[in-house]
>>> print(open('run_9.cif').read())   # mmCIF, C-alpha atoms
data_upload
#
loop_
_atom_site.group_PDB
_atom_site.id
_atom_site.type_symbol
_atom_site.label_atom_id
_atom_site.label_comp_id
_atom_site.auth_asym_id
_atom_site.auth_seq_id
_atom_site.Cartn_x
_atom_site.Cartn_y
_atom_site.Cartn_z
ATOM 1 C CA MET A 1 -2.558 -75.730 -37.691
ATOM 2 C CA SER A 2 -3.914 -74.357 -40.915
ATOM 3 C CA ASN A 3 -3.364 -76.460 -44.021
ATOM 4 C CA ARG A 4 -4.382 -73.584 -46.288
ATOM 5 C CA TYR A 5 -2.106 -71.205 -48.119
ATOM 6 C CA SER A 6 -2.442 -68.625 -50.871
ATOM 7 C CA LYS A 7 -0.894 -69.443 -54.205
ATOM 8 C CA ASN A 8 -1.182 -65.884 -55.458
ATOM 9 C CA ASP A 9 0.735 -64.060 -52.744
ATOM 10 C CA LYS A 10 3.566 -61.830 -53.837
ATOM 11 C CA PRO A 11 6.892 -63.703 -53.572
ATOM 12 C CA VAL A 12 9.512 -62.481 -51.122
ATOM 13 C CA SER A 13 13.174 -62.997 -52.002
ATOM 14 C CA GLY A 14 15.813 -63.871 -49.396
ATOM 15 C CA THR A 15 15.079 -65.017 -45.860
ATOM 16 C CA PRO A 16 12.435 -62.663 -44.414
ATOM 17 C CA ARG A 17 13.122 -60.971 -41.082
ATOM 18 C CA LYS A 18 10.056 -62.495 -39.407
ATOM 19 C CA LEU A 19 11.195 -65.958 -40.417
ATOM 20 C CA LYS A 20 14.721 -65.324 -39.150
ATOM 21 C CA GLU A 21 13.325 -64.268 -35.782
ATOM 22 C CA LEU A 22 11.223 -67.417 -35.619
ATOM 23 C CA MET A 23 14.259 -69.561 -36.428
ATOM 24 C CA LEU A 24 16.059 -68.188 -33.367
ATOM 25 C CA LYS A 25 13.608 -69.800 -30.959
ATOM 26 C CA SER A 26 15.209 -72.839 -29.349
ATOM 27 C CA ASP A 27 12.445 -75.283 -30.286
ATOM 28 C CA ASN A 28 12.789 -74.283 -33.937
ATOM 29 C CA ARG A 29 16.521 -75.048 -33.988
ATOM 30 C CA ILE A 30 15.799 -78.770 -34.134
ATOM 31 C CA CYS A 31 13.619 -80.741 -36.524
ATOM 32 C CA ALA A 32 10.005 -81.011 -35.341
ATOM 33 C CA ASP A 33 9.865 -84.681 -36.325
ATOM 34 C CA CYS A 34 13.262 -86.260 -35.609
ATOM 35 C CA GLY A 35 15.167 -83.692 -33.526
ATOM 36 C CA ALA A 36 18.009 -83.186 -36.011
ATOM 37 C CA PRO A 37 19.849 -79.901 -35.368
ATOM 38 C CA ASP A 38 19.721 -76.771 -37.537
ATOM 39 C CA PRO A 39 16.746 -77.561 -39.824
ATOM 40 C CA LYS A 40 16.739 -75.600 -43.078
ATOM 41 C CA TRP A 41 13.360 -76.661 -44.429
ATOM 42 C CA VAL A 42 9.785 -76.011 -43.342
ATOM 43 C CA SER A 43 6.261 -77.221 -43.861
ATOM 44 C CA ALA A 44 4.766 -73.777 -44.419
ATOM 45 C CA ASN A 45 1.116 -74.711 -44.023
ATOM 46 C CA ILE A 46 1.684 -76.915 -40.947
ATOM 47 C CA GLY A 47 4.095 -74.374 -39.482
ATOM 48 C CA VAL A 48 7.098 -76.524 -38.511
ATOM 49 C CA PHE A 49 10.841 -76.467 -39.154
ATOM 50 C CA ILE A 50 12.149 -79.784 -40.466
ATOM 51 C CA CYS A 51 15.447 -81.310 -41.602
ATOM 52 C CA LEU A 52 16.365 -82.366 -45.143
ATOM 53 C CA LYS A 53 15.545 -86.053 -44.575
ATOM 54 C CA CYS A 54 12.142 -85.311 -43.064
ATOM 55 C CA SER A 55 11.414 -82.732 -45.767
ATOM 56 C CA ASP A 56 11.707 -85.518 -48.371
ATOM 57 C CA VAL A 57 8.979 -87.456 -46.573
ATOM 58 C CA HIS A 58 6.795 -84.360 -46.197
ATOM 59 C CA ARG A 59 7.136 -83.665 -49.917
ATOM 60 C CA ARG A 60 5.877 -87.144 -50.733
ATOM 61 C CA LEU A 61 2.740 -86.490 -48.681
ATOM 62 C CA GLY A 62 1.689 -83.908 -51.252
ATOM 63 C CA SER A 63 1.329 -80.151 -50.949
ATOM 64 C CA ASP A 64 -2.308 -80.458 -49.860
ATOM 65 C CA ILE A 65 -0.975 -81.982 -46.618
ATOM 66 C CA SER A 66 2.473 -80.383 -46.343
ATOM 67 C CA LYS A 67 3.864 -77.521 -48.426
ATOM 68 C CA VAL A 68 7.654 -77.874 -48.209
ATOM 69 C CA LEU A 69 9.918 -74.848 -48.638
ATOM 70 C CA SER A 70 13.615 -74.196 -48.158
ATOM 71 C CA VAL A 71 14.466 -71.482 -45.646
ATOM 72 C CA THR A 72 17.297 -70.206 -47.848
ATOM 73 C CA LEU A 73 16.678 -71.415 -51.412
ATOM 74 C CA ASP A 74 12.979 -70.839 -52.139
ATOM 75 C CA GLU A 75 10.986 -67.679 -52.675
ATOM 76 C CA TRP A 76 8.446 -67.110 -49.923
ATOM 77 C CA SER A 77 5.024 -65.567 -50.361
ATOM 78 C CA ASP A 78 3.557 -63.253 -47.739
ATOM 79 C CA GLY A 79 1.006 -65.957 -46.997
ATOM 80 C CA ASP A 80 3.698 -68.569 -46.341
ATOM 81 C CA ILE A 81 5.499 -66.239 -43.937
ATOM 82 C CA ASP A 82 2.292 -65.312 -42.140
ATOM 83 C CA SER A 83 1.353 -68.972 -41.787
ATOM 84 C CA MET A 84 4.654 -69.812 -40.100
ATOM 85 C CA VAL A 85 4.535 -66.803 -37.790
ATOM 86 C CA GLU A 86 0.914 -67.398 -36.833
ATOM 87 C CA VAL A 87 1.552 -70.985 -35.760
ATOM 88 C CA GLY A 88 4.656 -69.994 -33.793
ATOM 89 C CA GLY A 89 6.863 -72.963 -34.616
ATOM 90 C CA ASN A 90 7.587 -76.498 -33.541
ATOM 91 C CA SER A 91 6.450 -76.473 -29.898
ATOM 92 C CA TYR A 92 3.033 -75.091 -30.747
ATOM 93 C CA ALA A 93 2.506 -77.428 -33.681
ATOM 94 C CA ASN A 94 3.682 -80.475 -31.740
ATOM 95 C CA SER A 95 1.385 -79.616 -28.831
ATOM 96 C CA ILE A 96 -1.459 -80.391 -31.253
ATOM 97 C CA TYR A 97 -0.064 -83.080 -33.558
ATOM 98 C CA GLU A 98 1.670 -85.023 -30.754
ATOM 99 C CA ALA A 99 -0.841 -84.414 -27.950
ATOM 100 C CA PHE A 100 -1.700 -88.128 -27.837
ATOM 101 C CA LEU A 101 1.684 -89.542 -28.818
ATOM 102 C CA PRO A 102 2.103 -92.698 -26.701
ATOM 103 C CA LYS A 103 5.217 -92.744 -24.539
ATOM 104 C CA GLU A 104 6.259 -96.061 -26.034
ATOM 105 C CA TYR A 105 5.790 -94.911 -29.644
ATOM 106 C CA PRO A 106 9.184 -94.832 -31.417
ATOM 107 C CA LYS A 107 9.627 -91.219 -32.508
ATOM 108 C CA PRO A 108 12.451 -91.102 -35.102
ATOM 109 C CA LYS A 109 15.957 -89.869 -34.334
ATOM 110 C CA PRO A 110 18.240 -87.891 -36.672
ATOM 111 C CA HIS A 111 19.832 -91.100 -37.982
ATOM 112 C CA SER A 112 16.673 -93.227 -38.155
ATOM 113 C CA SER A 113 15.913 -95.189 -41.291
ATOM 114 C CA ASN A 114 13.755 -93.707 -44.016
ATOM 115 C CA GLU A 115 11.168 -96.404 -43.300
ATOM 116 C CA ASP A 116 10.842 -95.417 -39.629
ATOM 117 C CA ARG A 117 10.840 -91.727 -40.503
ATOM 118 C CA THR A 118 8.117 -92.177 -43.130
ATOM 119 C CA LYS A 119 5.932 -94.257 -40.829
ATOM 120 C CA PHE A 120 6.048 -91.636 -38.080
ATOM 121 C CA ILE A 121 5.478 -88.594 -40.300
ATOM 122 C CA ARG A 122 2.558 -90.206 -42.123
ATOM 123 C CA SER A 123 1.019 -91.227 -38.804
ATOM 124 C CA LYS A 124 1.495 -87.737 -37.389
ATOM 125 C CA TYR A 125 0.273 -85.533 -40.240
ATOM 126 C CA GLU A 126 -1.519 -87.619 -42.854
ATOM 127 C CA LEU A 127 -3.323 -90.130 -40.631
ATOM 128 C CA GLN A 128 -3.312 -87.799 -37.580
ATOM 129 C CA GLU A 129 -3.109 -90.776 -35.245
ATOM 130 C CA PHE A 130 -1.997 -88.682 -32.282
ATOM 131 C CA LEU A 131 -5.080 -86.449 -32.298
ATOM 132 C CA LYS A 132 -8.439 -87.244 -30.772
ATOM 133 C CA PRO A 133 -10.157 -89.563 -33.313
ATOM 134 C CA SER A 134 -13.135 -87.263 -33.863
ATOM 135 C CA LEU A 135 -10.771 -84.462 -34.886
ATOM 136 C CA ARG A 136 -8.853 -86.326 -37.572
ATOM 137 C CA ILE A 137 -11.146 -85.757 -40.540
ATOM 138 C CA VAL A 138 -12.399 -82.186 -40.500
ATOM 139 C CA SER A 139 -13.583 -79.478 -42.859
ATOM 140 C CA SER A 140 -13.647 -76.187 -40.955
ATOM 141 C CA LYS A 141 -10.991 -74.417 -38.973
ATOM 142 C CA MET A 142 -10.753 -72.807 -35.590
ATOM 143 C CA SER A 143 -8.574 -69.828 -34.799
ATOM 144 C CA PHE A 144 -7.129 -68.655 -31.481
ATOM 145 C CA LYS A 145 -5.126 -65.480 -31.330
ATOM 146 C CA SER A 146 -2.714 -64.237 -28.709
ATOM 147 C CA CYS A 147 -2.399 -60.494 -29.271
ATOM 148 C CA GLU A 148 0.756 -60.086 -27.204
ATOM 149 C CA SER A 149 2.636 -62.725 -29.165
ATOM 150 C CA GLY A 150 1.026 -61.921 -32.510
ATOM 151 C CA LYS A 151 0.301 -65.615 -33.148
ATOM 152 C CA ASN A 152 -2.890 -66.830 -34.728
ATOM 153 C CA PHE A 153 -3.256 -70.457 -33.733
ATOM 154 C CA ASP A 154 -5.160 -71.983 -36.627
ATOM 155 C CA SER A 155 -6.131 -75.620 -36.430
ATOM 156 C CA SER A 156 -8.286 -77.703 -38.715
ATOM 157 C CA PHE A 157 -10.580 -78.593 -35.853
ATOM 158 C CA ASN A 158 -14.362 -78.524 -36.231
ATOM 159 C CA SER A 159 -15.597 -76.787 -33.100
ATOM 160 C CA ASN A 160 -18.913 -75.101 -32.500
ATOM 161 C CA ASN A 161 -17.507 -73.838 -29.211
ATOM 162 C CA SER A 162 -15.043 -71.472 -30.862
ATOM 163 C CA ARG A 163 -17.781 -69.810 -32.907
ATOM 164 C CA LYS A 164 -20.009 -69.596 -29.857
ATOM 165 C CA ALA A 165 -17.254 -68.006 -27.786
ATOM 166 C CA ALA A 166 -16.537 -65.423 -30.462
ATOM 167 C CA ASP A 167 -20.119 -64.180 -30.131
ATOM 168 C CA MET A 168 -20.032 -63.863 -26.349
ATOM 169 C CA GLY A 169 -18.235 -60.539 -26.211
ATOM 170 C CA GLU A 170 -14.926 -59.608 -24.736
ATOM 171 C CA PHE A 171 -14.079 -62.877 -22.935
ATOM 172 C CA ILE A 172 -13.915 -66.476 -24.112
ATOM 173 C CA GLY A 173 -13.646 -68.265 -20.780
ATOM 174 C CA VAL A 174 -12.614 -68.175 -17.134
ATOM 175 C CA LEU A 175 -9.247 -69.253 -15.754
ATOM 176 C CA ARG A 176 -9.115 -70.620 -12.222
ATOM 177 C CA VAL A 177 -5.564 -70.811 -10.896
ATOM 178 C CA LYS A 178 -4.810 -72.804 -7.780
ATOM 179 C CA VAL A 179 -1.528 -71.549 -6.329
ATOM 180 C CA ILE A 180 -0.372 -74.695 -4.563
ATOM 181 C CA ARG A 181 3.103 -74.106 -3.175
ATOM 182 C CA GLY A 182 6.504 -72.507 -3.498
ATOM 183 C CA THR A 183 9.777 -74.317 -2.951
ATOM 184 C CA ASN A 184 13.213 -73.031 -1.980
ATOM 185 C CA LEU A 185 12.212 -69.399 -2.439
ATOM 186 C CA ALA A 186 14.814 -66.652 -2.223
ATOM 187 C CA VAL A 187 15.780 -64.980 1.037
ATOM 188 C CA ARG A 188 14.899 -61.281 1.101
ATOM 189 C CA ASP A 189 14.908 -60.524 4.834
ATOM 190 C CA MET A 190 17.599 -61.450 7.323
ATOM 191 C CA LEU A 191 17.181 -65.230 7.127
ATOM 192 C CA THR A 192 13.828 -65.734 5.472
ATOM 193 C CA SER A 193 11.052 -64.018 3.472
ATOM 194 C CA ASP A 194 7.342 -63.245 3.707
ATOM 195 C CA PRO A 195 6.179 -64.310 0.219
ATOM 196 C CA TYR A 196 2.968 -63.722 -1.671
ATOM 197 C CA VAL A 197 2.087 -64.383 -5.327
ATOM 198 C CA VAL A 198 0.679 -61.919 -7.843
ATOM 199 C CA LEU A 199 -0.968 -63.100 -11.089
ATOM 200 C CA THR A 200 -1.528 -60.692 -13.972
ATOM 201 C CA LEU A 201 -3.485 -61.275 -17.182
ATOM 202 C CA GLY A 202 -3.902 -58.168 -19.293
ATOM 203 C CA GLN A 203 -5.296 -55.498 -16.975
ATOM 204 C CA GLN A 204 -6.449 -58.025 -14.360
ATOM 205 C CA ARG A 205 -4.408 -58.538 -11.201
ATOM 206 C CA VAL A 206 -5.030 -60.935 -8.304
ATOM 207 C CA GLN A 207 -2.846 -62.088 -5.416
ATOM 208 C CA THR A 208 -2.555 -64.634 -2.643
ATOM 209 C CA THR A 209 -2.204 -64.031 1.076
ATOM 210 C CA VAL A 210 1.202 -63.409 2.649
ATOM 211 C CA LYS A 211 2.998 -66.371 4.242
ATOM 212 C CA ASN A 212 5.169 -65.015 7.013
ATOM 213 C CA SER A 213 8.739 -66.306 7.465
ATOM 214 C CA ASN A 214 8.432 -69.191 5.038
ATOM 215 C CA LEU A 215 10.703 -70.154 2.132
ATOM 216 C CA ASN A 216 8.588 -73.230 1.319
ATOM 217 C CA PRO A 217 5.050 -71.864 1.632
ATOM 218 C CA ILE A 218 1.894 -73.837 0.957
ATOM 219 C CA TRP A 219 -0.995 -71.680 -0.221
ATOM 220 C CA ASN A 220 -3.596 -73.948 -1.867
ATOM 221 C CA GLU A 221 -5.455 -70.751 -2.771
ATOM 222 C CA GLU A 222 -7.688 -70.363 -5.829
ATOM 223 C CA LEU A 223 -7.585 -67.157 -7.856
ATOM 224 C CA THR A 224 -9.894 -66.411 -10.776
ATOM 225 C CA LEU A 225 -9.307 -64.383 -13.946
ATOM 226 C CA SER A 226 -11.312 -63.893 -17.132
ATOM 227 C CA ILE A 227 -9.622 -64.904 -20.394
ATOM 228 C CA PRO A 228 -10.102 -62.199 -23.047
ATOM 229 C CA ARG A 229 -10.638 -63.124 -26.671
ATOM 230 C CA CYS A 230 -7.291 -61.477 -27.388
ATOM 231 C CA TYR A 231 -5.140 -62.997 -24.636
ATOM 232 C CA GLY A 232 -1.455 -63.109 -23.795
ATOM 233 C CA ALA A 233 0.660 -64.982 -21.279
ATOM 234 C CA LEU A 234 -0.302 -65.245 -17.619
ATOM 235 C CA LYS A 235 2.385 -63.427 -15.632
ATOM 236 C CA LEU A 236 3.364 -64.748 -12.208
ATOM 237 C CA GLN A 237 5.439 -62.750 -9.728
ATOM 238 C CA VAL A 238 6.500 -63.587 -6.188
ATOM 239 C CA PHE A 239 7.121 -60.744 -3.726
ATOM 240 C CA ASP A 240 8.472 -60.435 -0.203
ATOM 241 C CA HIS A 241 6.107 -58.365 1.933
ATOM 242 C CA ASP A 242 7.798 -55.516 3.810
ATOM 243 C CA VAL A 243 6.122 -53.257 6.371
ATOM 244 C CA PHE A 244 8.396 -50.239 6.193
ATOM 245 C CA SER A 245 9.702 -50.365 2.592
ATOM 246 C CA ALA A 246 8.678 -51.416 -0.914
ATOM 247 C CA ASP A 247 8.068 -55.137 -1.402
ATOM 248 C CA ASP A 248 11.027 -56.976 -2.925
ATOM 249 C CA ILE A 249 10.687 -59.155 -6.016
ATOM 250 C CA MET A 250 11.446 -62.846 -5.443
ATOM 251 C CA GLY A 251 11.242 -64.062 -9.029
ATOM 252 C CA GLU A 252 8.801 -64.255 -11.896
ATOM 253 C CA ALA A 253 7.608 -66.516 -14.678
ATOM 254 C CA GLU A 254 5.152 -66.564 -17.563
ATOM 255 C CA VAL A 255 2.561 -69.233 -18.310
ATOM 256 C CA ASP A 256 1.570 -69.807 -21.944
ATOM 257 C CA LEU A 257 -2.218 -70.253 -21.939
ATOM 258 C CA GLN A 258 -2.464 -71.213 -25.610
ATOM 259 C CA PRO A 259 -2.149 -75.023 -25.196
ATOM 260 C CA MET A 260 -4.986 -75.110 -22.638
ATOM 261 C CA VAL A 261 -7.284 -72.673 -24.465
ATOM 262 C CA THR A 262 -6.732 -74.377 -27.824
ATOM 263 C CA ALA A 263 -7.381 -77.841 -26.421
ATOM 264 C CA ALA A 264 -10.381 -76.836 -24.296
ATOM 265 C CA MET A 265 -12.163 -75.091 -27.146
ATOM 266 C CA ALA A 266 -11.329 -77.830 -29.640
ATOM 267 C CA PHE A 267 -12.718 -80.647 -27.503
ATOM 268 C CA GLY A 268 -15.894 -78.855 -26.462
ATOM 269 C CA ASP A 269 -17.933 -79.855 -23.418
ATOM 270 C CA ALA A 270 -15.512 -81.725 -21.167
ATOM 271 C CA LYS A 271 -18.354 -83.073 -19.043
ATOM 272 C CA LEU A 272 -19.397 -85.292 -21.939
ATOM 273 C CA LEU A 273 -15.920 -86.857 -22.225
ATOM 274 C CA GLY A 274 -13.971 -89.349 -20.182
ATOM 275 C CA ASP A 275 -10.646 -88.681 -18.502
ATOM 276 C CA MET A 276 -7.928 -88.130 -21.103
ATOM 277 C CA GLN A 277 -4.976 -85.969 -22.117
ATOM 278 C CA ILE A 278 -5.974 -83.328 -24.666
ATOM 279 C CA GLY A 279 -2.913 -81.086 -24.964
ATOM 280 C CA LYS A 280 0.613 -80.328 -23.840
ATOM 281 C CA TRP A 281 2.856 -77.317 -23.182
ATOM 282 C CA PHE A 282 6.437 -78.380 -23.912
ATOM 283 C CA LYS A 283 9.442 -77.442 -21.780
ATOM 284 C CA THR A 284 12.051 -75.475 -23.760
ATOM 285 C CA SER A 285 14.993 -73.249 -22.887
ATOM 286 C CA ASP A 286 12.798 -70.249 -23.714
ATOM 287 C CA ASN A 287 10.203 -70.869 -21.005
ATOM 288 C CA ALA A 288 10.139 -71.400 -17.236
ATOM 289 C CA LEU A 289 8.782 -74.957 -17.228
ATOM 290 C CA ILE A 290 10.574 -77.532 -15.094
ATOM 291 C CA LYS A 291 8.958 -80.336 -17.100
ATOM 292 C CA ASP A 292 6.349 -80.727 -19.858
ATOM 293 C CA SER A 293 2.900 -79.638 -18.717
ATOM 294 C CA THR A 294 -0.059 -81.704 -19.926
ATOM 295 C CA VAL A 295 -3.649 -80.536 -20.343
ATOM 296 C CA ASN A 296 -6.104 -83.171 -19.132
ATOM 297 C CA ILE A 297 -9.801 -83.776 -18.729
ATOM 298 C CA ILE A 298 -10.326 -84.957 -15.150
ATOM 299 C CA ASN A 299 -13.838 -85.726 -13.912
ATOM 300 C CA GLY A 300 -15.352 -83.495 -16.579
ATOM 301 C CA ASN A 301 -13.008 -80.547 -15.965
ATOM 302 C CA VAL A 302 -10.098 -79.259 -18.088
ATOM 303 C CA LYS A 303 -7.030 -78.958 -15.849
ATOM 304 C CA GLN A 304 -3.293 -78.451 -16.242
ATOM 305 C CA GLU A 305 -0.528 -78.930 -13.674
ATOM 306 C CA VAL A 306 2.321 -76.433 -14.086
ATOM 307 C CA PHE A 307 5.732 -76.592 -12.394
ATOM 308 C CA LEU A 308 7.770 -73.416 -12.871
ATOM 309 C CA LYS A 309 11.336 -72.383 -12.122
ATOM 310 C CA LEU A 310 11.267 -68.729 -11.124
ATOM 311 C CA GLN A 311 13.271 -66.451 -13.408
ATOM 312 C CA ASN A 312 15.624 -63.545 -12.643
ATOM 313 C CA VAL A 313 16.268 -64.795 -9.114
ATOM 314 C CA GLU A 314 18.810 -67.034 -7.405
ATOM 315 C CA SER A 315 16.352 -69.809 -6.470
ATOM 316 C CA GLY A 316 12.714 -70.759 -6.259
ATOM 317 C CA GLU A 317 10.062 -72.964 -7.842
ATOM 318 C CA MET A 318 6.280 -72.712 -8.015
ATOM 319 C CA GLU A 319 3.533 -75.307 -8.432
ATOM 320 C CA LEU A 320 0.182 -74.312 -9.934
ATOM 321 C CA GLU A 321 -2.963 -75.996 -11.170
ATOM 322 C CA LEU A 322 -4.885 -74.273 -13.973
ATOM 323 C CA GLU A 323 -8.528 -74.944 -14.744
ATOM 324 C CA TRP A 324 -10.497 -73.781 -17.785
ATOM 325 C CA ILE A 325 -14.115 -72.850 -17.110
ATOM 326 C CA PRO A 326 -16.340 -72.160 -20.149
ATOM 327 C CA LEU A 327 -18.531 -69.073 -20.028
ATOM 328 C CA ASP A 328 -21.721 -71.118 -20.258
ATOM 329 C CA ALA A 329 -20.765 -73.412 -17.353
#
>>> encode(input="run_9.cif", output="structure tokens")
Amino acid sequence: MSNRYSKNDKPVSGTPRKLKELMLKSDNRICADCGAPDPKWVSANIGVFICLKCSDVHRRLGSDISKVLSVTLDEWSDGDIDSMVEVGGNSYANSIYEAFLPKEYPKPKPHSSNEDRTKFIRSKYELQEFLKPSLRIVSSKMSFKSCESGKNFDSSFNSNNSRKAADMGEFIGVLRVKVIRGTNLAVRDMLTSDPYVVLTLGQQRVQTTVKNSNLNPIWNEELTLSIPRCYGALKLQVFDHDVFSADDIMGEAEVDLQPMVTAAMAFGDAKLLGDMQIGKWFKTSDNALIKDSTVNIINGNVKQEVFLKLQNVESGEMELELEWIPLDA
């Protein structure tokens, strides 16, 4: 998240269209810190929507840490709007600021005391206790951009890897996807289906083998794609193979690569680090996740387990394992 903003940007009156669109996302309809519904305040430089009670705490942190604005009452500069849009909202911000939030840590509720609320917000943003320790006090920033979404994921993380990747041409890394299994897939033939999986990233397209007459197929097949510097979501589609007619769609889903790419590039050479969680993709009503998906370093490799509910179909789930491979590996 970028803690910088321009003080000289031209003010914009009313609630800008881009901000209204961002507010419609399900994760932005609750406070990023306590979960209170319908937040009407933001921290513009952090990029989160917050409730009135949490905004009071943010304001006390000082504008160098959190610049608080009202969605409806304040004038917005172009820079403030761009900052919010670039971050993408609460899920993206929390995937960084709460990546190491212990399960037993008491995250505040809408009716929590001011003392509990203040303790959590200070720990999260001012002390940055839920980030990797070496990333808490930093001076330079790293930027990741998803061209399809239009988000520029700025974080105040000091990373030589991001600058190195930017000089290595069109791609920033390699994505290895292990397609593990499908469960309760849709019937497209008489009583069964012959499924196979297609993965698409930009102009790249790879696919698994066909599993004949199987609604619960196990593939355990690895597919490899290059991650462009300007990347979008990984698209997954399941098809039923037909011999005499066009293959039928059996569902689809999208995988947000930003949490893995951001974490992998921020932490650098995973082989020098012990096993740990370094990021998280949160389940929301806007994505296909069955449960939160964590990004972990395991035996020197950056990996992420993903469980997806197939969309636009009557049934079906998919299990994947993603692995980030740096270009200089």
>>> closest_residue(input="run_9.cif", among="A:Ser123, A:Ser226, A:Gln204, A:Gln128", to="Val174 of chain A", atoms="all atoms listed in the file")
A:Ser226
>>> residues_around(input="run_9.cif", residues="segment 259-261 of chain A", least_positions_apart="6", cutoff="10 Å", atoms="only C-alpha atoms", output="ChimeraX atom specification")
/A:91-93,95-96,99,144,153,172-173,175,227,231,278-282,293-296,302-304,322-324
>>> closest_residue(input="run_9.cif", among="A:Met23, A:Ile121, A:Ala266, A:Ala36", to="Thr72 of chain A", atoms="all atoms listed in the file")
A:Met23
>>> atom_distance(input="run_9.cif", atom1="atom CA of Leu73 of chain A", atom2="atom CA of Ile46 of chain A")
19.1 Å
>>> residues_around(input="run_9.cif", residues="Asn287 of chain A", least_positions_apart="6", cutoff="9 Å", atoms="all atoms listed in the file", output="ChimeraX atom specification")
/A:253-256,308
>>> residues_around(input="run_9.cif", residues="Ile30 of chain A", least_positions_apart="4", cutoff="8 Å", atoms="all atoms listed in the file", output="PyMOL selection string")
chain A and resi 26+35-39+49-51
>>> closest_residue(input="run_9.cif", among="A:Val179, A:Phe171, A:Glu126, A:Lys107", to="Gly62 of chain A", atoms="only C-alpha atoms")
A:Glu126
>>> atom_distance(input="run_9.cif", atom1="atom CA of Lys53 of chain A", atom2="atom CA of His111 of chain A")
9.3 Å
>>> closest_residue(input="run_9.cif", among="A:Tyr196, A:Gly182, A:Leu225, A:Arg29", to="Thr284 of chain A", atoms="all atoms listed in the file")
A:Arg29
